[in-house]
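Structure file protein-v1.pdb (PDB, C-alpha atoms) is printed below.
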MODEL        1
ATOM      1  CA  MET A 221       0.000   0.000   0.000
ATOM      2  CA  LYS A 222       1.291   3.427  -0.954
ATOM      3  CA  LEU A 223       0.676   6.735   0.795
ATOM      4  CA  SER A 224      -0.645   8.168  -2.480
ATOM      5  CA  GLU A 225      -3.387   5.502  -2.455
ATOM      6  CA  LEU A 226      -4.719   6.973   0.800
ATOM      7  CA  LEU A 227      -4.431  10.708   0.158
ATOM      8  CA  GLY A 228      -7.621  12.343  -1.115
ATOM      9  CA  VAL A 229      -9.794   9.289  -0.429
ATOM     10  CA  THR A 230     -13.213  10.080   1.079
ATOM     11  CA  VAL A 231     -13.770   8.826   4.629
ATOM     12  CA  VAL A 232     -17.241   7.927   5.893
ATOM     13  CA  THR A 233     -18.442   6.402   9.144
ATOM     14  CA  THR A 234     -20.369   3.152   9.352
ATOM     15  CA  ASP A 235     -23.507   5.216  10.068
ATOM     16  CA  GLY A 236     -23.066   7.167   6.818
ATOM     17  CA  GLU A 237     -21.550  10.460   7.998
ATOM     18  CA  GLU A 238     -18.928  11.873   5.629
ATOM     19  CA  LEU A 239     -15.881  13.079   7.570
ATOM     20  CA  GLY A 240     -13.968  14.496   4.604
ATOM     21  CA  ARG A 241     -10.862  13.402   2.736
ATOM     22  CA  VAL A 242      -7.518  12.072   3.882
ATOM     23  CA  HIS A 243      -4.978  14.917   3.975
ATOM     24  CA  ASP A 244      -2.079  13.433   5.907
ATOM     25  CA  ALA A 245      -0.979  10.312   7.778
ATOM     26  CA  LEU A 246       0.405  10.244  11.309
ATOM     27  CA  LEU A 247       3.441   7.967  11.571
ATOM     28  CA  VAL A 248       5.020   7.082  14.890
ATOM     29  CA  GLN A 249       8.555   5.847  15.303
ATOM     30  CA  ASP A 250       7.718   2.874  17.468
ATOM     31  CA  GLY A 251       8.318  -0.035  15.095
ATOM     32  CA  PRO A 252      11.081  -2.642  15.118
ATOM     33  CA  VAL A 253      14.632  -1.235  15.225
ATOM     34  CA  GLY A 254      16.387  -1.581  11.863
ATOM     35  CA  ALA A 255      19.977  -2.097  10.754
ATOM     36  CA  GLN A 256      20.872   1.571  11.354
ATOM     37  CA  GLY A 257      19.600   1.469  14.958
ATOM     38  CA  PHE A 258      16.642   3.555  13.820
ATOM     39  CA  ALA A 259      13.154   2.467  14.917
ATOM     40  CA  GLY A 260      10.650   1.850  12.148
ATOM     41  CA  LEU A 261       7.661   4.078  11.460
ATOM     42  CA  ARG A 262       4.151   2.740  11.866
ATOM     43  CA  LEU A 263       0.990   4.322  10.526
ATOM     44  CA  HIS A 264      -1.202   5.140  13.535
ATOM     45  CA  ALA A 265      -3.835   7.500  12.162
ATOM     46  CA  LEU A 266      -5.148   9.448   9.191
ATOM     47  CA  ALA A 267      -5.824  13.188   9.318
ATOM     48  CA  VAL A 268      -9.229  13.650   7.741
ATOM     49  CA  GLY A 269     -11.092  16.865   7.063
ATOM     50  CA  THR A 270     -13.077  18.957   4.639
ATOM     51  CA  ARG A 271     -10.365  21.585   4.216
ATOM     52  CA  SER A 272      -6.792  20.836   3.226
ATOM     53  CA  PHE A 273      -5.049  24.217   3.014
ATOM     54  CA  GLY A 274      -4.145  24.422   6.707
ATOM     55  CA  THR A 275      -2.807  20.875   6.546
ATOM     56  CA  LYS A 276      -0.560  21.720   3.606
ATOM     57  CA  LEU A 277       0.860  24.674   5.508
ATOM     58  CA  GLY A 278       1.377  22.622   8.671
ATOM     59  CA  TYR A 279      -1.001  24.612  10.906
ATOM     60  CA  THR A 280      -3.458  21.827  11.611
ATOM     61  CA  GLN A 281      -0.675  19.393  12.539
ATOM     62  CA  GLY A 282       0.766  22.011  14.917
ATOM     63  CA  THR A 283       4.230  21.945  13.343
ATOM     64  CA  VAL A 284       3.896  25.577  12.179
ATOM     65  CA  LYS A 285       3.011  28.146  14.877
ATOM     66  CA  GLY A 286       2.888  31.563  13.287
ATOM     67  CA  PRO A 287       2.028  34.166  12.209
ATOM     68  CA  TRP A 288      -0.912  34.081  14.630
ATOM     69  CA  LEU A 289      -3.441  35.392  12.111
ATOM     70  CA  LEU A 290      -2.800  32.541   9.695
ATOM     71  CA  ARG A 291      -2.732  30.085  12.585
ATOM     72  CA  ALA A 292      -6.137  31.339  13.744
ATOM     73  CA  MET A 293      -7.509  31.039  10.205
ATOM     74  CA  PHE A 294      -6.193  27.610   9.387
ATOM     75  CA  ARG A 295      -5.777  25.775  12.661
ATOM     76  CA  ARG A 296      -9.050  23.965  12.496
ATOM     77  CA  PRO A 297      -8.005  20.530  13.700
ATOM     78  CA  PRO A 298      -8.680  17.605  11.362
ATOM     79  CA  THR A 299     -10.387  14.478  12.610
ATOM     80  CA  LEU A 300      -7.745  11.943  13.553
ATOM     81  CA  VAL A 301      -8.971   8.542  12.460
ATOM     82  CA  PRO A 302      -7.029   5.692  14.109
ATOM     83  CA  TRP A 303      -5.914   3.101  11.572
ATOM     84  CA  LEU A 304      -7.559   0.374  13.598
ATOM     85  CA  ALA A 305     -10.930   2.148  13.250
ATOM     86  CA  ILE A 306     -10.980   1.323   9.530
ATOM     87  CA  VAL A 307     -13.500  -1.403   8.725
ATOM     88  CA  HIS A 308     -13.305  -1.247   4.921
ATOM     89  CA  ARG A 309     -10.894   0.359   2.486
ATOM     90  CA  SER A 310     -11.109   0.779  -1.285
ATOM     91  CA  ALA A 311      -9.594   3.175  -3.814
ATOM     92  CA  GLU A 312     -12.658   5.441  -3.592
ATOM     93  CA  ARG A 313     -13.772   5.183   0.024
ATOM     94  CA  ILE A 314     -12.607   4.379   3.533
ATOM     95  CA  VAL A 315     -15.293   3.295   5.992
ATOM     96  CA  VAL A 316     -14.519   3.775   9.687
ATOM     97  CA  ASP A 317     -16.109   2.740  12.963
ATOM     98  CA  ARG A 318     -17.336   5.907  14.694
ATOM     99  CA  GLY A 319     -17.119   4.250  18.111
ATOM    100  CA  ARG A 320     -13.388   3.625  17.762
ATOM    101  CA  ILE A 321     -12.753   7.247  16.741
ATOM    102  CA  ASP A 322     -14.574   8.480  19.838
ATOM    103  CA  GLU A 323     -12.638   6.030  22.040
ATOM    104  CA  SER A 324      -9.318   7.434  20.846
ATOM    105  CA  ARG A 325     -10.193  11.058  21.742
TER     106      ARG A 325
ATOM    107  CA  MET B  49       1.698   1.639  23.055
ATOM    108  CA  ASN B  50       0.469   4.906  24.551
ATOM    109  CA  GLY B  51       2.243   7.723  26.323
ATOM    110  CA  PRO B  52       0.919  10.198  28.875
ATOM    111  CA  GLY B  53      -2.303  11.779  27.657
ATOM    112  CA  GLY B  54      -3.136   8.765  25.511
ATOM    113  CA  GLU B  55      -0.775   9.848  22.720
ATOM    114  CA  PRO B  56       1.336   7.165  21.051
ATOM    115  CA  ALA B  57       4.869   6.979  22.478
ATOM    116  CA  GLY B  58       7.803   7.698  20.167
ATOM    117  CA  ARG B  59       8.514  10.466  17.716
ATOM    118  CA  GLN B  60       5.609  11.527  15.530
ATOM    119  CA  VAL B  61       6.110  12.202  11.832
ATOM    120  CA  TRP B  62       3.448  13.641   9.519
ATOM    121  CA  ALA B  63       3.969  11.794   6.257
ATOM    122  CA  VAL B  64       2.896  14.522   3.830
ATOM    123  CA  LEU B  65       4.320  17.459   5.726
ATOM    124  CA  GLU B  66       7.592  15.921   6.891
ATOM    125  CA  LEU B  67       8.468  13.259   4.314
ATOM    126  CA  LEU B  68       7.067  14.060   0.872
ATOM    127  CA  ASP B  69       9.344  16.254  -1.260
ATOM    128  CA  ARG B  70      12.165  15.976   1.311
ATOM    129  CA  GLN B  71      15.679  15.781  -0.065
ATOM    130  CA  LEU B  72      17.462  12.439   0.217
ATOM    131  CA  VAL B  73      21.140  12.707   1.170
ATOM    132  CA  ASP B  74      23.528   9.771   0.859
ATOM    133  CA  ARG B  75      26.183   8.662   3.369
ATOM    134  CA  ASP B  76      28.722  11.072   1.848
ATOM    135  CA  GLY B  77      26.374  14.053   2.008
ATOM    136  CA  ARG B  78      25.566  13.977  -1.710
ATOM    137  CA  LEU B  79      22.039  14.689  -2.981
ATOM    138  CA  ALA B  80      20.231  11.484  -3.948
ATOM    139  CA  GLY B  81      16.747  12.477  -5.155
ATOM    140  CA  LYS B  82      13.526  13.469  -3.403
ATOM    141  CA  ILE B  83      10.789  11.474  -1.695
ATOM    142  CA  ASP B  84       7.701  11.212  -3.905
ATOM    143  CA  ASP B  85       5.760   8.477  -2.120
ATOM    144  CA  VAL B  86       5.927   6.076   0.829
ATOM    145  CA  ASP B  87       5.388   2.324   0.611
ATOM    146  CA  PHE B  88       3.836   0.456   3.553
ATOM    147  CA  VAL B  89       3.677  -3.200   4.492
ATOM    148  CA  VAL B  90       0.195  -4.190   5.647
ATOM    149  CA  ASP B  91       0.037  -7.413   7.642
ATOM    150  CA  ASP B  92      -2.896  -9.796   7.421
ATOM    151  CA  ASP B  93      -3.427  -9.369  11.174
ATOM    152  CA  PRO B  94      -6.325  -6.855  11.463
ATOM    153  CA  ASP B  95      -4.861  -5.478  14.720
ATOM    154  CA  ALA B  96      -1.429  -4.725  13.216
ATOM    155  CA  LEU B  97      -0.472  -1.240  12.075
ATOM    156  CA  PRO B  98       1.066  -0.724   8.604
ATOM    157  CA  ARG B  99       4.868  -0.278   8.688
ATOM    158  CA  VAL B 100       6.909   1.953   6.397
ATOM    159  CA  ASP B 101       8.790  -0.416   4.091
ATOM    160  CA  ALA B 102      10.417   1.961   1.620
ATOM    161  CA  LEU B 103      10.599   5.521   0.377
ATOM    162  CA  LEU B 104       9.774   5.931  -3.317
ATOM    163  CA  SER B 105      11.407   8.427  -5.582
ATOM    164  CA  GLY B 106      11.172   9.271  -9.248
ATOM    165  CA  LEU B 107       8.655   9.943 -11.978
ATOM    166  CA  GLY B 108       6.460   6.904 -11.348
ATOM    167  CA  ALA B 109       6.033   7.669  -7.660
ATOM    168  CA  LEU B 110       5.425  11.353  -8.353
ATOM    169  CA  ALA B 111       2.721  10.471 -10.890
ATOM    170  CA  ASN B 112       0.816   8.551  -8.199
ATOM    171  CA  GLN B 113       0.952  11.602  -5.962
ATOM    172  CA  ILE B 114      -0.264  13.992  -8.683
ATOM    173  CA  GLY B 115      -3.270  11.824  -9.543
ATOM    174  CA  GLY B 116      -5.932  12.742 -12.107
ATOM    175  CA  ASP B 117      -5.544  12.387 -15.879
ATOM    176  CA  PHE B 118      -2.099  13.988 -15.912
ATOM    177  CA  GLY B 119      -0.864  11.705 -13.125
ATOM    178  CA  ARG B 120      -2.193   8.628 -14.912
ATOM    179  CA  TRP B 121      -0.528   9.763 -18.140
ATOM    180  CA  LEU B 122       2.806  10.265 -16.352
ATOM    181  CA  ALA B 123       2.458   6.866 -14.662
ATOM    182  CA  SER B 124       1.796   5.130 -17.992
ATOM    183  CA  ILE B 125       4.909   6.745 -19.530
ATOM    184  CA  GLU B 126       7.001   5.639 -16.553
ATOM    185  CA  ARG B 127       5.603   2.078 -16.728
ATOM    186  CA  ARG B 128       6.450   1.806 -20.420
ATOM    187  CA  LEU B 129       9.960   3.142 -19.921
ATOM    188  CA  ALA B 130      10.531   0.891 -16.909
ATOM    189  CA  ALA B 131       9.279  -2.188 -18.794
ATOM    190  CA  ARG B 132      11.447  -1.403 -21.818
ATOM    191  CA  ARG B 133      14.535  -1.058 -19.650
ATOM    192  CA  ASP B 134      13.591  -3.921 -17.305
ATOM    193  CA  ARG B 135      13.858  -1.691 -14.254
ATOM    194  CA  ALA B 136      11.982  -1.767 -10.964
ATOM    195  CA  PRO B 137      10.480   1.447  -9.500
ATOM    196  CA  SER B 138      12.926   3.629  -7.546
ATOM    197  CA  ARG B 139      12.712   2.564  -3.925
ATOM    198  CA  ILE B 140      14.902   3.164  -0.918
ATOM    199  CA  ALA B 141      14.504   0.474   1.724
ATOM    200  CA  TRP B 142      13.600   1.813   5.157
ATOM    201  CA  SER B 143      16.624  -0.081   6.532
ATOM    202  CA  ASP B 144      18.831   2.380   4.563
ATOM    203  CA  VAL B 145      17.423   5.421   6.403
ATOM    204  CA  LYS B 146      19.689   6.920   9.080
ATOM    205  CA  SER B 147      17.748   9.985  10.206
ATOM    206  CA  ILE B 148      14.837  12.271   9.363
ATOM    207  CA  GLY B 149      15.235  16.021   9.619
ATOM    208  CA  SER B 150      15.104  18.876   7.145
ATOM    209  CA  SER B 151      16.493  16.218   4.811
ATOM    210  CA  VAL B 152      16.467  12.433   5.042
ATOM    211  CA  GLU B 153      19.925  10.940   5.555
ATOM    212  CA  LEU B 154      20.703   7.522   4.124
ATOM    213  CA  ALA B 155      23.345   4.978   5.046
ATOM    214  CA  ALA B 156      23.745   3.991   1.393
ATOM    215  CA  ASP B 157      25.879   5.371  -1.404
ATOM    216  CA  ARG B 158      23.770   7.290  -3.921
ATOM    217  CA  ASP B 159      25.358   5.384  -6.807
ATOM    218  CA  ASP B 160      23.747   2.229  -5.413
ATOM    219  CA  LEU B 161      20.250   3.763  -5.251
ATOM    220  CA  ASP B 162      17.549   3.528  -7.897
ATOM    221  CA  SER B 163      16.466   7.072  -7.032
ATOM    222  CA  ASN B 164      19.650   8.380  -8.621
ATOM    223  CA  ARG B 165      19.277   6.542 -11.928
ATOM    224  CA  GLY B 166      18.168   9.653 -13.873
ATOM    225  CA  GLU B 167      21.280  11.540 -12.863
ATOM    226  CA  ARG B 168      23.432   8.463 -13.538
ATOM    227  CA  TRP B 169      21.938   8.173 -17.014
ATOM    228  CA  VAL B 170      22.699  11.855 -17.762
ATOM    229  CA  ARG B 171      26.263  11.411 -16.495
ATOM    230  CA  ASP B 172      26.938   8.180 -18.390
ATOM    231  CA  VAL B 173      25.151   8.961 -21.655
ATOM    232  CA  ILE B 174      25.617  12.729 -22.017
ATOM    233  CA  ILE B 175      28.224  14.260 -19.708
ATOM    234  CA  ASP B 176      30.831  11.529 -20.177
ATOM    235  CA  LYS B 177      30.588  11.963 -23.975
ATOM    236  CA  VAL B 178      31.457  15.670 -23.809
ATOM    237  CA  PRO B 179      35.080  16.258 -24.857
ATOM    238  CA  GLY B 180      37.159  16.851 -21.749
ATOM    239  CA  ALA B 181      34.825  14.904 -19.436
ATOM    240  CA  GLY B 182      36.616  12.933 -16.766
ATOM    241  CA  HIS B 183      39.330  15.554 -16.271
ATOM    242  CA  GLU B 184      39.423  17.892 -13.324
ATOM    243  CA  ALA B 185      39.016  21.592 -14.096
ATOM    244  CA  GLU B 186      42.255  23.489 -14.006
TER     245      GLU B 186
ENDMDL
END
This entry written out as structure tokens:
Amino acid sequence: MKLSELLGVTVVTTDGEELGRVHDALLVQDGPVGAQGFAGLRLHALAVGTRSFGTKLGYTQGTVKGPWLLRAMFRRPPTLVPWLAIVHRSAERIVVDRGRIDESR
Amino acid sequence: MNGPGGEPAGRQVWAVLELLDRQLVDRDGRLAGKIDDVDFVVDDDPDALPRVDALLSGLGALANQIGGDFGRWLASIERRLAARRDRAPSRIAWSDVKSIGSSVELAADRDDLDSNRGERWVRDVIIDKVPGAGHEAE
């Protein structure tokens, strides 16, 4: 599976609510340690939302802090969908379990 | 594996923001291409998280990222060229990655990487044919 196969895909809950599209993927360096002594990255969650501009600039992920006006405009947090909340995945649509998203908050 | 506040332990990396388009640098500090896509291994176990297996670089990977008609057209060109030359897509195994920062440092030599094949082709086919190539500038 490639990252590009996830980006832009529409995410809906099992009860039919559309959460938006995948804009980014949260990787965590907690996998097995490799040959270089560098822990592997595992995909923990997808950042899903209806607006992508703040994500592209890094405001919604919190990696960019200023200027404050842009931060205020674009820092609308995306929905973080845990990978394990996914119940079905295709090229057009990802279906997620709403209960598991709420549990992770 | 959760840390205080329920957040996953370990360093967090946003794939699009912190990996895509990052410069790859080989073990000697030489530029070795850019990251255009990320390849994951997905286990059959439904409770397992996907692991990053390789970083992808080059026209084929970039075409997947662009998407749409233009992306599909680029991908088809890359597939035809790759098939004609019997070459696999450009991929850098995760085990070759040393660190992630403003650039991604690799433990490998760039001459051994697929991601550098375009530059190698230019050097071997064009630059080396120029009269005077292979000699240091005076």
Next on the checklist: Taking only C-alpha atoms into account, find every residue of chain B that has an atom no more than 7 Å from chain A, and write it out as JSON, numbers by chain.
Outcome noted: {"B": [58, 59, 60, 61, 62, 63, 64, 65, 85, 86, 87, 88, 89, 95, 97, 98, 99, 100, 112, 113, 143, 146]}
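When CA of Asp74 in chain B is paired with CA of Val178 in chain B, their separation reads 26.6 Å.
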Checklist entry - Do you have the CA of Thr299 in chain A-CA of Gly319 in chain A distance handy? => result 13.4 Å
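Shortest separation to Leu104 in chain B among B:Leu72, B:Ile140, B:Val90, B:Val145 occurs at residue B:Ile140, atoms counted being all atoms listed in the file.
One finds CA of Arg158 in chain B at 13.8 Å from CA of Gly106 in chain B.
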Next on the checklist: as a PyMOL selection string, please: the residues near Arg318 in chain A (cut-off 9 Å, all atoms listed in the file, same-chain neighbours under 5 positions excluded).
Outcome noted: chain A and resi 233-235+305+323
